[in-house]
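Asker: Sharing model02.txt, compact mmCIF, C-alpha atoms:
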```
# COMPACT_ATOMS: atom_id res chain seq x y z
CA MET E 1 320.28 72.28 77.09
CA THR E 2 316.95 72.81 75.39
CA THR E 3 315.52 76.04 74.13
CA GLN E 4 311.90 76.97 73.94
CA THR E 5 310.39 79.45 71.54
CA ILE E 6 307.73 81.54 73.15
CA PRO E 7 305.35 83.13 70.67
CA VAL E 8 305.10 86.88 70.97
CA LYS E 9 301.58 88.14 71.21
CA THR E 10 300.92 91.07 68.94
CA VAL E 11 298.45 93.70 69.98
CA PRO E 12 296.38 94.93 67.03
CA GLU E 13 296.83 98.57 66.30
CA VAL E 14 293.87 100.73 67.22
CA PRO E 15 293.15 103.14 64.38
CA PRO E 16 293.23 106.77 65.43
CA PRO E 17 289.83 108.42 65.85
CA LEU E 18 288.53 110.28 62.84
CA ARG E 19 288.08 114.03 62.92
CA ILE E 20 285.57 116.03 60.91
CA GLU E 21 286.31 119.13 58.87
CA VAL E 22 283.29 121.10 57.67
CA ALA E 23 282.43 123.98 55.35
CA GLY E 24 279.07 125.48 54.40
CA GLN E 25 277.67 128.24 52.25
CA THR E 26 274.32 129.63 51.13
CA ASP E 27 273.38 131.92 48.24
CA VAL E 28 270.17 133.62 47.16
CA GLY E 29 270.55 132.38 43.56
CA ARG E 30 269.73 134.27 40.38
CA LYS E 31 265.92 134.33 40.39
CA ARG E 32 264.86 134.87 44.02
CA LYS E 33 264.92 138.18 45.90
CA HIS E 34 265.23 136.64 49.36
CA ASN E 35 267.09 133.66 50.78
CA GLU E 36 264.76 131.32 52.66
CA ASP E 37 267.46 128.66 53.22
CA SER E 38 269.35 128.23 56.49
CA PHE E 39 272.27 126.06 57.49
CA ALA E 40 274.20 125.49 60.69
CA ILE E 41 277.50 123.95 61.71
CA PHE E 42 277.31 123.12 65.41
CA SER E 43 280.67 121.37 65.71
CA GLU E 44 280.47 121.40 69.51
CA HIS E 45 277.52 119.01 69.22
CA GLY E 46 278.65 117.16 66.08
CA LEU E 47 275.46 118.47 64.46
CA TYR E 48 275.21 119.79 60.89
CA LEU E 49 271.96 121.09 59.37
CA VAL E 50 270.46 122.37 56.12
CA ALA E 51 266.90 123.71 55.89
CA ASP E 52 264.97 125.00 52.87
CA GLY E 53 262.14 127.30 53.96
CA MET E 54 258.92 127.80 52.05
CA GLY E 55 256.04 130.22 52.27
CA GLY E 56 257.57 133.40 50.91
CA HIS E 57 259.78 136.06 52.48
CA ALA E 58 259.15 136.53 56.21
CA SER E 59 257.64 133.04 56.29
CA GLY E 60 260.00 130.52 54.71
CA GLU E 61 262.98 132.37 56.13
CA VAL E 62 261.37 132.38 59.57
CA ALA E 63 260.57 128.66 59.35
CA SER E 64 264.07 127.54 58.38
CA GLN E 65 265.74 129.77 60.97
CA LEU E 66 263.30 128.65 63.66
CA ALA E 67 264.05 125.01 62.86
CA VAL E 68 267.80 125.52 63.10
CA GLU E 69 267.57 127.54 66.32
CA THR E 70 265.22 125.00 67.95
CA MET E 71 267.62 122.19 67.08
CA ARG E 72 270.51 124.11 68.66
CA GLU E 73 268.53 124.90 71.80
CA PHE E 74 267.41 121.29 72.31
CA PHE E 75 270.92 119.90 71.83
CA GLN E 76 272.34 122.49 74.21
CA MET E 77 269.66 121.76 76.80
CA THR E 78 270.08 117.97 76.69
CA GLU E 79 273.85 118.25 76.83
CA GLU E 80 273.79 120.47 79.90
CA ASP E 81 271.04 118.47 81.64
CA PRO E 82 270.61 114.92 80.24
CA GLU E 83 267.97 114.14 82.87
CA ARG E 84 265.70 116.98 81.80
CA THR E 85 262.22 115.93 80.68
CA TRP E 86 261.83 115.71 76.90
CA PRO E 87 258.77 117.05 75.05
CA TYR E 88 258.17 113.60 73.47
CA LYS E 89 258.41 110.07 74.80
CA MET E 90 261.50 108.14 73.84
CA ASP E 91 261.04 105.56 71.08
CA HIS E 92 262.54 102.41 72.58
CA SER E 93 263.22 100.97 69.13
CA ARG E 94 265.86 103.71 68.73
CA GLY E 95 268.98 104.45 70.73
CA TYR E 96 269.40 107.53 72.92
CA GLU E 97 271.29 109.65 70.38
CA GLU E 98 268.91 108.83 67.52
CA ASN E 99 265.98 109.71 69.79
CA ARG E 100 267.72 112.97 70.63
CA LEU E 101 268.01 113.91 66.97
CA VAL E 102 264.47 112.90 66.05
CA THR E 103 263.00 114.67 69.08
CA ALA E 104 264.81 117.89 68.17
CA ILE E 105 263.32 117.77 64.67
CA LYS E 106 259.83 117.00 65.98
CA LEU E 107 260.09 119.89 68.40
CA SER E 108 261.18 122.15 65.53
CA ASN E 109 258.14 121.03 63.56
CA LEU E 110 255.78 121.83 66.45
CA ARG E 111 257.24 125.29 67.01
CA ILE E 112 256.95 126.19 63.34
CA PHE E 113 253.38 124.89 63.23
CA GLU E 114 252.33 126.77 66.36
CA THR E 115 254.04 129.97 65.21
CA ALA E 116 252.22 129.78 61.88
CA GLN E 117 248.88 129.16 63.59
CA SER E 118 249.30 132.22 65.81
CA ASN E 119 250.18 134.60 62.96
CA HIS E 120 247.97 134.66 59.87
CA LYS E 121 250.76 136.20 57.79
CA GLN E 122 252.84 133.07 58.36
CA ARG E 123 250.11 130.49 57.77
CA GLY E 124 251.36 127.66 55.61
CA MET E 125 255.04 128.31 56.23
CA GLY E 126 257.33 125.31 56.53
CA THR E 127 260.79 124.01 55.86
CA THR E 128 262.67 120.93 54.86
CA MET E 129 265.37 119.59 57.16
CA VAL E 130 268.41 117.38 56.61
CA ALA E 131 270.71 116.70 59.55
CA ILE E 132 273.75 114.61 60.34
CA PHE E 133 274.69 113.95 63.95
CA ALA E 134 278.18 112.57 64.53
CA VAL E 135 278.42 110.29 67.56
CA GLU E 136 281.24 108.11 68.88
CA ASP E 137 280.44 105.06 66.76
CA GLY E 138 279.10 106.65 63.56
CA ILE E 139 276.64 109.19 62.21
CA HIS E 140 272.89 109.46 62.44
CA ILE E 141 271.18 110.97 59.38
CA ALA E 142 267.68 112.42 59.62
CA HIS E 143 265.56 114.22 57.06
CA VAL E 144 262.14 115.59 56.21
CA GLY E 145 261.36 116.98 52.75
CA ASP E 146 263.37 117.03 49.53
CA SER E 147 266.70 118.43 50.70
CA ARG E 148 269.31 115.71 50.36
CA VAL E 149 272.31 113.97 51.88
CA TYR E 150 274.94 112.42 49.62
CA ARG E 151 278.12 110.51 50.47
CA ILE E 152 281.26 110.40 48.35
CA ARG E 153 283.41 107.35 49.13
CA ASN E 154 286.22 105.88 47.04
CA HIS E 155 285.39 108.21 44.13
CA GLN E 156 281.73 107.14 44.04
CA MET E 157 278.68 109.11 45.16
CA GLU E 158 275.52 107.72 46.75
CA GLN E 159 272.33 109.51 47.77
CA LEU E 160 271.56 108.58 51.38
CA THR E 161 268.11 110.19 51.63
CA GLU E 162 264.88 109.72 49.69
CA ASP E 163 262.95 112.81 48.60
CA HIS E 164 259.58 113.34 50.24
CA SER E 165 258.20 114.79 47.03
CA LEU E 166 255.31 114.23 44.64
CA LEU E 167 257.77 113.47 41.85
CA ASN E 168 259.46 110.76 43.88
CA ASP E 169 256.08 109.25 44.80
CA TYR E 170 255.25 109.07 41.08
CA ARG E 171 258.64 107.53 40.37
CA LYS E 172 257.91 104.76 42.86
CA MET E 173 254.38 104.16 41.58
CA LYS E 174 255.14 104.41 37.88
CA ARG E 175 258.22 103.83 35.81
CA LEU E 176 258.68 107.31 34.43
CA THR E 177 260.96 107.94 31.47
CA GLU E 178 263.73 110.54 31.69
CA GLU E 179 261.61 112.79 29.46
CA GLU E 180 258.57 112.40 31.73
CA ILE E 181 260.71 113.23 34.76
CA ALA E 182 262.14 116.31 33.03
CA ASN E 183 258.65 117.53 32.09
CA PHE E 184 256.92 116.63 35.37
CA PRO E 185 254.65 119.63 36.12
CA HIS E 186 254.88 119.54 39.95
CA LYS E 187 258.58 119.06 40.62
CA ASN E 188 258.58 121.46 43.56
CA VAL E 189 255.67 119.87 45.42
CA ILE E 190 256.85 118.16 48.61
CA VAL E 191 254.63 115.79 50.56
CA ARG E 192 256.35 116.13 53.92
CA ALA E 193 257.91 119.15 55.65
CA LEU E 194 258.31 120.72 59.06
CA GLY E 195 255.36 122.94 59.97
CA MET E 196 252.77 121.39 57.65
CA LYS E 197 251.03 119.50 60.48
CA GLU E 198 251.19 119.34 64.26
CA SER E 199 253.28 116.17 64.08
CA VAL E 200 255.77 114.87 61.54
CA LYS E 201 257.43 111.59 60.59
CA VAL E 202 261.23 111.76 60.50
CA ASP E 203 263.24 109.34 58.36
CA THR E 204 266.57 108.21 59.80
CA ARG E 205 269.51 105.95 58.97
CA PHE E 206 272.85 105.15 60.58
CA GLU E 207 276.18 105.05 58.77
CA LEU E 208 279.74 104.13 59.70
CA PRO E 209 282.13 106.74 58.30
CA GLN E 210 285.46 105.81 56.75
CA GLU E 211 288.57 107.91 56.41
CA GLY E 212 288.19 110.18 53.38
CA ASP E 213 284.38 110.08 53.29
CA VAL E 214 282.76 113.35 52.27
CA VAL E 215 279.10 113.95 53.12
CA LEU E 216 277.08 116.63 51.33
CA LEU E 217 273.91 118.19 52.73
CA CYS E 218 272.11 120.37 50.19
CA THR E 219 268.83 121.97 49.20
CA ASP E 220 267.10 121.35 45.88
CA GLY E 221 268.52 124.66 44.71
CA LEU E 222 271.69 122.64 44.08
CA ALA E 223 270.32 119.15 43.36
CA GLY E 224 267.73 120.53 40.93
CA PRO E 225 269.82 122.52 38.43
CA CYS E 226 272.91 120.28 38.75
CA SER E 227 273.01 116.57 37.99
CA ASP E 228 274.43 114.08 40.48
CA GLN E 229 277.38 113.58 38.14
CA GLU E 230 278.16 117.30 38.06
CA ILE E 231 277.94 117.53 41.84
CA PHE E 232 280.19 114.50 42.26
CA GLU E 233 282.84 115.76 39.85
CA ILE E 234 283.12 119.11 41.64
CA ILE E 235 283.48 117.56 45.09
CA ASP E 236 285.77 114.72 44.01
CA SER E 237 288.15 117.09 42.21
CA THR E 238 288.26 119.83 44.87
CA PRO E 239 290.21 118.96 48.04
CA ASP E 240 289.44 122.26 49.80
CA LEU E 241 285.89 122.02 51.18
CA SER E 242 285.36 125.79 51.25
CA VAL E 243 286.36 126.05 47.60
CA ALA E 244 284.11 123.07 46.80
CA THR E 245 281.04 124.74 48.36
CA GLN E 246 281.74 127.88 46.37
CA SER E 247 282.11 125.82 43.17
CA LEU E 248 278.85 123.98 43.79
CA ILE E 249 276.93 127.22 44.26
CA HIS E 250 278.61 128.74 41.20
CA ALA E 251 277.57 125.70 39.14
CA ALA E 252 273.93 125.99 40.24
CA ASN E 253 273.91 129.70 39.41
CA GLU E 254 275.52 129.07 36.03
CA ARG E 255 272.56 126.80 35.28
CA GLY E 256 270.14 129.64 35.93
CA GLY E 257 270.14 129.77 39.72
CA PRO E 258 266.36 129.24 39.87
CA ASP E 259 266.30 128.85 43.66
CA ASN E 260 268.27 129.61 46.80
CA VAL E 261 271.33 127.35 46.95
CA THR E 262 272.75 125.90 50.17
CA CYS E 263 275.30 123.18 50.83
CA VAL E 264 277.34 121.84 53.73
CA LEU E 265 280.31 119.51 53.17
CA ALA E 266 281.82 117.34 55.92
CA ARG E 267 284.96 115.21 55.51
CA TRP E 268 286.23 112.49 57.87
CA ILE E 269 290.01 112.66 58.30
CA VAL E 270 292.65 111.22 60.65
```
In structure tokens, how does this file's structure come out?
Answerer:
Amino acid sequence: MTTQTIPVKTVPEVPPPLRIEVAGQTDVGRKRKHNEDSFAIFSEHGLYLVADGMGGHASGEVASQLAVETMREFFQMTEEDPERTWPYKMDHSRGYEENRLVTAIKLSNLRIFETAQSNHKQRGMGTTMVAIFAVEDGIHIAHVGDSRVYRIRNHQMEQLTEDHSLLNDYRKMKRLTEEEIANFPHKNVIVRALGMKESVKVDTRFELPQEGDVVLLCTDGLAGPCSDQEIFEIIDSTPDLSVATQSLIHAANERGGPDNVTCVLARWIV
């Protein structure tokens, strides 16, 4: 009698899908009378936004809120009726979901621009925009202006966006010293924002999240007063995202709170 060993085929385990927990907070800061920042957590769409308005009270505030509301409306509309005609042609070099995100931002830009043109009191208003859009296979990141997106992974932090600012343009053209950067006279000048022109260029990138990743969206009211190291240490040492957002805002205010401060934290968990 002979025996035969039949190899058992093993089926690789499929990792469970990652979930996202999110917290956000905004604060007027110590020096400003009005908060021109806006943020939104649209978990039903996987969409998270931070916008830093400019143009003074009743202008910057209007711009950032209009951007957030336009984004929400477009995502709601395209979810309910995917066949509905879009206000811009699809860029065939991008996928559907990336096009959806970019189109929403471009539409926000146009509405802010047209609103400003029709009301002389709001001429020149605008806003930055950073957005992350979680889809089945990863996250799309889009931004205009100098608000930022950071990622903390394995106890290391990386900036995922590049500031559209005069200072950053100088950094790329010239090798500025730390002293020259600290004393740069036009730190707050941005070279791209929603509402500045009838059309806008939107920068995007795609990332694959890992379990434990934390993504920060913030305005320069946080990234200006606080160093990257300070921001990282607060997030990395604070498991509760709501507490972490409070700590980040407290840190910016402790350093003078020169601007409105807004941050959104998202963590990928099993």
Asker: Which neighbours of E:Val68 fall inside 10 Å, counting all atoms listed in the file, when residues of the same chain fewer than 5 positions from it are skipped, and could you give them as a list in words?
Answerer: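 The contact residues come out as Ser38, Phe39, Ala40, Ile41, Tyr48, Leu49, Val50, Ala51, Ala63, Glu73, Ala104, Ile105, Ser108, Met129 and Ala131 of chain E.
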Asker: List as a list of chain:residue names: which residues have an atom within 9 Å of (277.6, 105.6, 54.9), counting all atoms listed in the file?
Answerer: E:Gly138, E:Ile139, E:Arg151, E:Ile152, E:Arg153, E:Glu158, E:Leu160, E:Phe206, E:Glu207, E:Leu208, E:Pro209, E:Gln210, E:Asp213, E:Val215
Asker: So, with all atoms listed in the file as the atoms that count, which of E:Glu136, E:Val243, E:Glu211, E:Asp220 lies closest to E:Val270?
Answerer: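 Of the candidates, the smallest distance to E:Val270 is held by E:Glu211.
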Asker: In Å, rounded to a single decimal, give me how far atom CA of E:Val28 is from atom CA of E:Asn119.
Answerer: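 Separation of atom CA of E:Asn119 and atom CA of E:Val28: 25.5 Å.
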Asker: Please report the interatomic distance between atom CA of E:Ala251 and atom CA of E:Val149 in Å with one decimal.
Answerer: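 So the two atoms, atom CA of E:Ala251 and atom CA of E:Val149, lie 18.1 Å apart.
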Asker: Report, in Å with one decimal, the straight-line distance from atom CA of E:Gln246 to atom CA of E:Gln229.
Answerer: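 Going from atom CA of E:Gln246 over to atom CA of E:Gln229 covers 17.1 Å.
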Asker: Within 8 Å of E:His143, counting only C-alpha atoms, which residues qualify if same-chain residues fewer than 6 places away don't, as number ranges by chain?
Answerer: E: 128-131, 161, 202-204
Asker: Find the residues around E:Pro258 up to 10 Å (all atoms listed in the file counted), leave out those fewer than 5 positions away in its own chain, and share them as a ChimeraX atom specification.
Answerer: /E:28-32,220-222,224-225,252-253
Asker: Around all of stretch 26-41 of chain E's listed atoms, make the axis-aligned box with 4 Å on each side and tell me centre and edge lengths in Å to one decimal, as JSON.
Answerer:
```
{"center_x": 271.1, "center_y": 131.1, "center_z": 51.0, "size_x": 20.7, "size_y": 22.2, "size_z": 29.3}
```
Asker: Taking only C-alpha atoms into account, which of E:Glu97, E:Asp52, E:Asp228, E:Glu79 comes nearest E:Asp146?
Answerer: E:Asp52
Asker: In terms of the shortest atom-to-atom distance over all atoms listed in the file, which of E:Leu217, E:Met125, E:Leu101, E:Ala266 is closest to E:Met196?
Answerer: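 Between E:Leu217, E:Met125, E:Leu101, E:Ala266, the residue approaching E:Met196 most closely is E:Met125.
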Asker: Between E:Glu36, E:Glu21, E:Glu44, E:Asp27, which is the closest to E:Leu248 once you count all atoms listed in the file?
Answerer: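 Comparing E:Glu36, E:Glu21, E:Glu44, E:Asp27 against E:Leu248, the winner is E:Asp27.
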Asker: Restricting the calculation to all atoms listed in the file: of E:Arg19, E:His140, E:Arg267, E:Lys106, which residue gets closest to E:Asp240?
Answerer: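 Checking each of E:Arg19, E:His140, E:Arg267, E:Lys106 against E:Asp240, counting all atoms listed in the file, the winner is E:Arg267.
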